[in-house]
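In what follows, a single structure is set out as structure tokens and then discussed.
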Amino acid sequence: MSKKRENHPQWSSWLLFVLAATGSAIGLGNIWKFPYIAGQNGGSAFVLVYLACVLGMGIPMLMAETLIGRRGRLNPIDCMEVVAEEAGANPHWRWLGGMGILLGFLILTYYSVIAGWTIAYIFKTAAGVFLGKGASEVGYLFAQFIASPWQLIFWHSIFMLATMAIVARGVQGGLEKAVELLTPALFILLLILVGYAMSAGDFQRGVRFLFYPDFGRFSGESLLMAMGHAFFSLSIGMGAMMIYGSYLPGNVSIAKTSLIIAVADTSVALLAGVAIFPLVFANHLEPATGPGLIFQTLPLAFAQMPLGSLFGALFFVLLAFAALSSSISLIEPAVAWLMEDFGLTRPLACLVSGFGCWLIGLGTVFSFNRWSHLTLFDKTFFDLLDFLTSNLMLPISGMLLVVFAGWVMQPEVNRAELSTSPCLFRLWWLLSRYVAPATVGLILLNGIGVL
Ligand code: PHE
């Protein structure tokens, strides 16, 4: 292990870690998924529950996962093994690291397909395809686009290639360079868009929809989705934060950095809602449209505004950037594992894992066209994969990780890694040991219909 550890890279500074982790957290989840699932699950009621999940479970879990990573300083599988051994526990905890790697890999298979749509939309909006079109025509163009497997495969391939090109350059040469540019750029554009929504959209109605609770459309499954999405959005429950934590220099406070990351991520999700719903209502669209929401609403809205093609294209550029700074963290755990445990070079590890993702991603591509009629429990391949990974596996794996940090690792180790005030440490400890695992367990049982 010590030889592997010598070759394990480190972030150049704590700020780069924060940018990378924030870049990982902010992604399609915030801008594409959050608005549409909030729309489908009663808007504000969903938002409230989501915020509670972030506070009570997400933040303690984010801290737990990062601290396990930094303690082990290896890829998730070896990391779990050495930290378990240090605590005198069973080394089979390594399987939990394996589950994290698998989850990141599986999520990337469909993440890349949707990210591909955002790249395609950069060109479509820039070329003015939507200018002068009404809501139904823009909806029709989107339907036509996703009905074409070849187009989706093309854009999915481009996105996978871009991801692997960054990851192949390594932590300092690739990941750091990418997040330095991508993460700050995203914030700026989102603020511009919120400004636009305030002036051009039905701002009041959008904000009311997001912030006034209506529990009518909120079900047990909504609860599960809110929790699953909180984990998905914070990039927890899989190897991403563990591997990023493993590159973190030793003297940085994990409590502080985790709070920054969680606040940034949640603000961006809310801001995305504040930017998008006023446009939805101003254009008389339905908030519960589903995955196509932003691909129908935004092009339409931009088509009406001065310099719309430019702003529209810029918005999709930034959406693609957000996706890219997340996708690199979805595959990095698998790449680090292939390098450290199988001796592959970084480029080869990227090739193998990237090709695997691309191939399985074809299943998601076909869910929108050729295989759209093939359903199981009323869900297509994409819906099923999304549901299984983000709503079931992420919470299970996140719960096990927090149990590991709270019950298996020694409190002194946790205290040293988190480096925070005794009072905050106590709060983290209570949340990680009792509140988070119990709540995740109950919501899971409720969501799958056992309770
Ligand atoms: N957090 C990312 C998003 O919101 C997705 C992600 C999940 C990235 C898990 C890494 C790990 O889009």
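Within each chain, counting starts at residue 1; across the structure tokens, chains are named A, B, ... in the order shown, with ligands numbered 1 upward in that order.
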
Just list the residues in region 247-368 of chain A DSSP gives alpha helix (DSSP H) on the backbone, as a VMD selection string. chain A and resid 254 to 282 293 to 304 308 to 342 346 to 367

What are the nearest atom pairs, with distances in Å to one decimal, for all residues of region 235-271 of chain A that come at most 12 Å from region 31-35 of chain A, using only C-alpha atoms, set out by chain and rising residue number as JSON lines?
{"residue": "A:Asp265", "atom": "CA", "partner": "A:Ile31", "partner_atom": "CA", "distance": 10.5}
{"residue": "A:Thr266", "atom": "CA", "partner": "A:Phe34", "partner_atom": "CA", "distance": 10.3}
{"residue": "A:Ser267", "atom": "CA", "partner": "A:Ile31", "partner_atom": "CA", "distance": 11.1}
{"residue": "A:Val268", "atom": "CA", "partner": "A:Ile31", "partner_atom": "CA", "distance": 7.8}
{"residue": "A:Ala269", "atom": "CA", "partner": "A:Ile31", "partner_atom": "CA", "distance": 6.2}
{"residue": "A:Leu270", "atom": "CA", "partner": "A:Pro35", "partner_atom": "CA", "distance": 8.5}
{"residue": "A:Leu271", "atom": "CA", "partner": "A:Ile31", "partner_atom": "CA", "distance": 8.7}

Surrounding residues of region 281-297 of chain A excluding itself and chain neighbours under 3 positions, 7 Å, only C-alpha atoms, as a list in words: Trp32, Tyr36, Gly39, Gln40, Val138, Gly139, Phe142, Gly201, Asp202, Gly206, Phe277, Pro278, Leu300 and Ala301 of chain A

Could you give me, as a tab-separated table (two decimals) with C-alpha atoms, in the first residue's frame, every polymer residue with an atom at most 7 Å away from an atom of ligand 1, counting only C-alpha atoms and all ligand atoms?
chain	number	residue	atom	x	y	z
A	24	SER	CA	-18.40	17.90	-8.97
A	25	ALA	CA	-21.44	18.76	-6.89
A	26	ILE	CA	-22.81	21.38	-9.27
A	27	GLY	CA	-23.87	19.67	-12.43
A	28	LEU	CA	-26.79	18.51	-14.46
A	29	GLY	CA	-28.34	17.51	-11.15
A	30	ASN	CA	-28.75	21.13	-10.14
A	104	GLY	CA	-19.97	6.48	-10.35
A	232	PHE	CA	-26.82	12.87	-6.03
A	233	SER	CA	-26.46	16.61	-6.04
A	234	LEU	CA	-23.79	16.65	-3.34
A	235	SER	CA	-21.97	13.84	-5.18
A	236	ILE	CA	-22.07	11.63	-2.11
A	238	MET	CA	-20.10	6.99	-4.20
A	240	ALA	CA	-16.26	10.94	-5.99
A	323	ALA	CA	-21.64	18.49	-16.57
A	326	SER	CA	-19.00	16.52	-12.57
A	327	SER	CA	-18.29	13.77	-15.05
A	329	SER	CA	-15.32	13.09	-10.71
A	330	LEU	CA	-17.65	10.24	-11.66

Selection near Pro299 (chain A), 12 Å with only C-alpha atoms, sequence-local residues under 2 positions removed, as a compact mmCIF listing (two decimals) with N, CA, C and O atoms, in the first residue's frame:
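Output file result.txt follows:
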# COMPACT_ATOMS: atom_id res chain seq x y z
N THR A 118 -26.83 18.70 -24.07
CA THR A 118 -26.52 20.11 -23.81
C THR A 118 -25.52 20.64 -24.85
O THR A 118 -25.61 21.78 -25.27
N TYR A 121 -27.35 21.34 -27.99
CA TYR A 121 -28.17 22.56 -27.88
C TYR A 121 -27.35 23.84 -27.94
O TYR A 121 -27.88 24.90 -28.22
N ILE A 122 -26.05 23.74 -27.65
CA ILE A 122 -25.20 24.92 -27.83
C ILE A 122 -25.28 25.33 -29.30
O ILE A 122 -25.52 26.48 -29.64
N PHE A 123 -25.10 24.34 -30.17
CA PHE A 123 -25.06 24.63 -31.60
C PHE A 123 -26.43 25.02 -32.13
O PHE A 123 -26.56 25.93 -32.94
N LYS A 124 -27.44 24.33 -31.63
CA LYS A 124 -28.79 24.63 -32.12
C LYS A 124 -29.20 26.07 -31.77
O LYS A 124 -29.72 26.79 -32.60
N THR A 125 -28.94 26.45 -30.49
CA THR A 125 -29.35 27.81 -30.12
C THR A 125 -28.48 28.84 -30.83
O THR A 125 -28.98 29.86 -31.31
N ALA A 126 -27.18 28.58 -30.93
CA ALA A 126 -26.29 29.54 -31.59
C ALA A 126 -26.70 29.74 -33.04
O ALA A 126 -26.63 30.85 -33.57
N ALA A 127 -27.15 28.67 -33.68
CA ALA A 127 -27.52 28.77 -35.09
C ALA A 127 -28.91 29.39 -35.27
O ALA A 127 -29.37 29.58 -36.39
N GLY A 128 -29.57 29.69 -34.16
CA GLY A 128 -30.88 30.35 -34.26
C GLY A 128 -32.01 29.42 -34.69
O GLY A 128 -33.03 29.87 -35.23
N VAL A 129 -31.85 28.12 -34.46
CA VAL A 129 -32.86 27.14 -34.87
C VAL A 129 -34.24 27.44 -34.26
O VAL A 129 -35.27 27.17 -34.85
N PHE A 130 -34.24 28.03 -33.06
CA PHE A 130 -35.52 28.21 -32.36
C PHE A 130 -36.15 29.58 -32.58
O PHE A 130 -37.24 29.84 -32.10
N LEU A 131 -35.43 30.43 -33.29
CA LEU A 131 -35.94 31.80 -33.47
C LEU A 131 -37.32 31.79 -34.14
O LEU A 131 -37.53 31.07 -35.12
N GLY A 132 -38.23 32.56 -33.56
CA GLY A 132 -39.56 32.69 -34.16
C GLY A 132 -40.46 31.47 -33.97
O GLY A 132 -41.54 31.40 -34.54
N LYS A 133 -40.01 30.49 -33.19
CA LYS A 133 -40.82 29.28 -33.01
C LYS A 133 -41.68 29.38 -31.75
O LYS A 133 -41.30 30.02 -30.77
N GLY A 134 -42.80 28.72 -31.75
CA GLY A 134 -43.69 28.69 -30.58
C GLY A 134 -43.37 27.49 -29.70
O GLY A 134 -42.53 26.65 -30.05
N ALA A 135 -44.11 27.40 -28.57
CA ALA A 135 -43.83 26.33 -27.60
C ALA A 135 -43.97 24.94 -28.23
O ALA A 135 -43.13 24.07 -28.01
N SER A 136 -45.00 24.76 -29.03
CA SER A 136 -45.21 23.41 -29.55
C SER A 136 -44.12 23.04 -30.55
O SER A 136 -43.68 21.89 -30.60
N GLU A 137 -43.67 24.03 -31.33
CA GLU A 137 -42.61 23.70 -32.31
C GLU A 137 -41.29 23.37 -31.62
O GLU A 137 -40.57 22.46 -32.03
N VAL A 138 -40.99 24.14 -30.54
CA VAL A 138 -39.74 23.87 -29.81
C VAL A 138 -39.82 22.48 -29.17
O VAL A 138 -38.86 21.70 -29.20
N GLY A 139 -41.00 22.15 -28.64
CA GLY A 139 -41.21 20.82 -28.06
C GLY A 139 -41.05 19.74 -29.12
O GLY A 139 -40.43 18.71 -28.89
N LEU A 141 -39.26 19.94 -31.88
CA LEU A 141 -37.85 19.81 -32.27
C LEU A 141 -37.08 18.96 -31.27
O LEU A 141 -36.22 18.16 -31.64
N PHE A 142 -37.42 19.13 -29.99
CA PHE A 142 -36.74 18.33 -28.96
C PHE A 142 -37.12 16.85 -29.11
O PHE A 142 -36.25 15.97 -29.08
N ILE A 276 -35.37 29.29 -13.88
CA ILE A 276 -36.12 28.53 -14.88
C ILE A 276 -37.65 28.65 -14.73
O ILE A 276 -38.35 28.88 -15.71
N LEU A 279 -39.55 31.50 -16.30
CA LEU A 279 -39.61 31.39 -17.75
C LEU A 279 -40.66 30.36 -18.16
O LEU A 279 -41.36 30.51 -19.16
N VAL A 280 -40.77 29.30 -17.35
CA VAL A 280 -41.78 28.27 -17.62
C VAL A 280 -43.16 28.91 -17.60
O VAL A 280 -43.95 28.76 -18.53
N ASN A 283 -44.07 31.48 -20.31
CA ASN A 283 -44.35 30.92 -21.63
C ASN A 283 -45.50 29.93 -21.61
O ASN A 283 -45.68 29.15 -22.55
N GLY A 292 -37.33 16.84 -20.34
CA GLY A 292 -37.16 17.80 -21.43
C GLY A 292 -37.34 19.25 -21.00
O GLY A 292 -37.16 20.16 -21.81
N LEU A 293 -37.67 19.46 -19.71
CA LEU A 293 -38.03 20.81 -19.25
C LEU A 293 -37.08 21.90 -19.76
O LEU A 293 -37.50 22.82 -20.44
N ILE A 294 -35.81 21.77 -19.43
CA ILE A 294 -34.95 22.91 -19.81
C ILE A 294 -34.64 22.94 -21.31
O ILE A 294 -34.25 23.98 -21.83
N PHE A 295 -34.82 21.81 -21.97
CA PHE A 295 -34.54 21.81 -23.41
C PHE A 295 -35.71 22.39 -24.21
O PHE A 295 -35.61 22.60 -25.40
N GLN A 296 -36.83 22.59 -23.53
CA GLN A 296 -37.97 23.19 -24.22
C GLN A 296 -38.22 24.62 -23.76
O GLN A 296 -38.51 25.49 -24.54
N THR A 297 -38.04 24.82 -22.45
CA THR A 297 -38.36 26.13 -21.90
C THR A 297 -37.31 27.17 -22.28
O THR A 297 -37.64 28.26 -22.72
N ALA A 301 -37.59 30.63 -24.42
CA ALA A 301 -37.44 31.92 -23.77
C ALA A 301 -36.34 32.74 -24.46
O ALA A 301 -36.52 33.92 -24.75
N PHE A 302 -35.24 32.08 -24.75
CA PHE A 302 -34.13 32.81 -25.37
C PHE A 302 -34.49 33.30 -26.77
O PHE A 302 -34.02 34.35 -27.21
N ALA A 303 -35.33 32.51 -27.44
CA ALA A 303 -35.69 32.89 -28.81
C ALA A 303 -36.43 34.23 -28.83
O ALA A 303 -36.46 34.92 -29.84
N GLN A 304 -37.05 34.60 -27.70
CA GLN A 304 -37.80 35.86 -27.67
C GLN A 304 -36.95 37.06 -27.25
O GLN A 304 -37.39 38.18 -27.34
N MET A 305 -35.77 36.81 -26.67
CA MET A 305 -35.05 37.93 -26.08
C MET A 305 -33.99 38.49 -27.02
O MET A 305 -33.50 37.79 -27.90
N GLY A 308 -30.75 36.68 -28.01
CA GLY A 308 -31.14 35.38 -27.44
C GLY A 308 -30.26 34.23 -27.90
O GLY A 308 -29.93 33.34 -27.11
N SER A 309 -29.86 34.25 -29.15
CA SER A 309 -29.05 33.12 -29.64
C SER A 309 -27.73 33.08 -28.91
O SER A 309 -27.23 32.02 -28.54
N LEU A 310 -27.19 34.27 -28.67
CA LEU A 310 -25.90 34.34 -27.97
C LEU A 310 -26.05 33.86 -26.52
O LEU A 310 -25.32 32.97 -26.07
N PHE A 311 -27.04 34.45 -25.81
CA PHE A 311 -27.20 34.07 -24.40
C PHE A 311 -27.61 32.60 -24.26
O PHE A 311 -27.18 31.91 -23.36
N GLY A 312 -28.46 32.17 -25.17
CA GLY A 312 -28.92 30.78 -25.14
C GLY A 312 -27.74 29.83 -25.30
O GLY A 312 -27.57 28.88 -24.53
N ALA A 313 -26.91 30.13 -26.29
CA ALA A 313 -25.77 29.26 -26.55
C ALA A 313 -24.84 29.27 -25.34
O ALA A 313 -24.34 28.23 -24.90
N LEU A 314 -24.67 30.47 -24.77
CA LEU A 314 -23.79 30.59 -23.61
C LEU A 314 -24.33 29.77 -22.43
O LEU A 314 -23.58 29.13 -21.69
N PHE A 315 -25.65 29.80 -22.28
CA PHE A 315 -26.24 29.02 -21.19
C PHE A 315 -25.95 27.54 -21.38
O PHE A 315 -25.54 26.84 -20.45
N PHE A 316 -26.11 27.05 -22.59
CA PHE A 316 -25.85 25.62 -22.80
C PHE A 316 -24.36 25.30 -22.71
O PHE A 316 -23.99 24.21 -22.30

For Gln410 (chain A), list every protein, DNA or RNA residue within 12 Å, evaluated using only C-alpha atoms, and leave out those in the same chain fewer than 5 positions away; present the list as a ChimeraX atom specification. /A:68,71,83-89,403-405,415-417,429

Shell around Gly43 (chain A) at 8 Å using only C-alpha atoms, local window under 5 positions removed, as a ChimeraX atom specification: /A:38,209-211,213-214

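Proximity ranking of A:Leu67, A:Leu259, A:Leu106, A:Ala322 relative to Asp386 (chain A) places A:Leu106 first, based on only C-alpha atoms.
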
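Nearest to Phe145 (chain A) of all the residues A:Val435, A:Ala272, A:Ala349, A:Val365 is A:Val365, counting only C-alpha atoms.
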
Proximity to Val113 (chain A) - best of A:Ala185, A:Ala320, A:Ala275, A:Ile443, only C-alpha atoms: A:Ala320

Restricting to only C-alpha atoms, whichever of A:Ala438, A:Ala21, A:Val413, A:Leu376 is closest to Leu62 (chain A) is A:Ala21

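Taking only C-alpha atoms into account, Leu161 (chain A) lies nearest to A:Gly354 out of the set A:Gly72, A:Pro422, A:Gly354, A:Gly97.
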
For Ser12 (chain A), find every residue with an atom within 9 Å (counting only C-alpha atoms), except residues of its own chain fewer than 4 positions away, and show them as a PyMOL selection string. chain A and resi 16-17+172+176+248-249

I need the chosen residues saved as a compact mmCIF listing (two decimals), in the first residue's frame, with N, CA and C atoms.
# COMPACT_ATOMS: atom_id res chain seq x y z
N LEU A 16 -8.22 24.60 -4.68
CA LEU A 16 -8.45 23.75 -5.84
C LEU A 16 -9.32 22.57 -5.47
N PHE A 17 -9.14 22.08 -4.26
CA PHE A 17 -10.04 21.00 -3.80
C PHE A 17 -11.47 21.52 -3.74
N GLN A 172 -3.30 17.23 -11.49
CA GLN A 172 -2.85 18.62 -11.59
C GLN A 172 -2.89 19.13 -13.03
N GLU A 176 -7.40 19.90 -12.26
CA GLU A 176 -7.27 21.24 -11.67
C GLU A 176 -7.48 22.33 -12.72
N LEU A 248 -6.58 15.42 -0.85
CA LEU A 248 -6.58 16.67 -0.08
C LEU A 248 -5.41 16.73 0.89
N PRO A 249 -4.66 17.85 0.86
CA PRO A 249 -3.54 17.98 1.80
C PRO A 249 -4.02 17.87 3.25

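Take CA of Met164 (chain A) and CA of Ile188 (chain A): the distance between them is 26.0 Å.
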
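Minimum atom-to-atom distances from A:Gly361, A:Met339, A:Trp11, A:Pro306 to Phe154 (chain A) were compared using only C-alpha atoms, and the lowest value belongs to A:Gly361.
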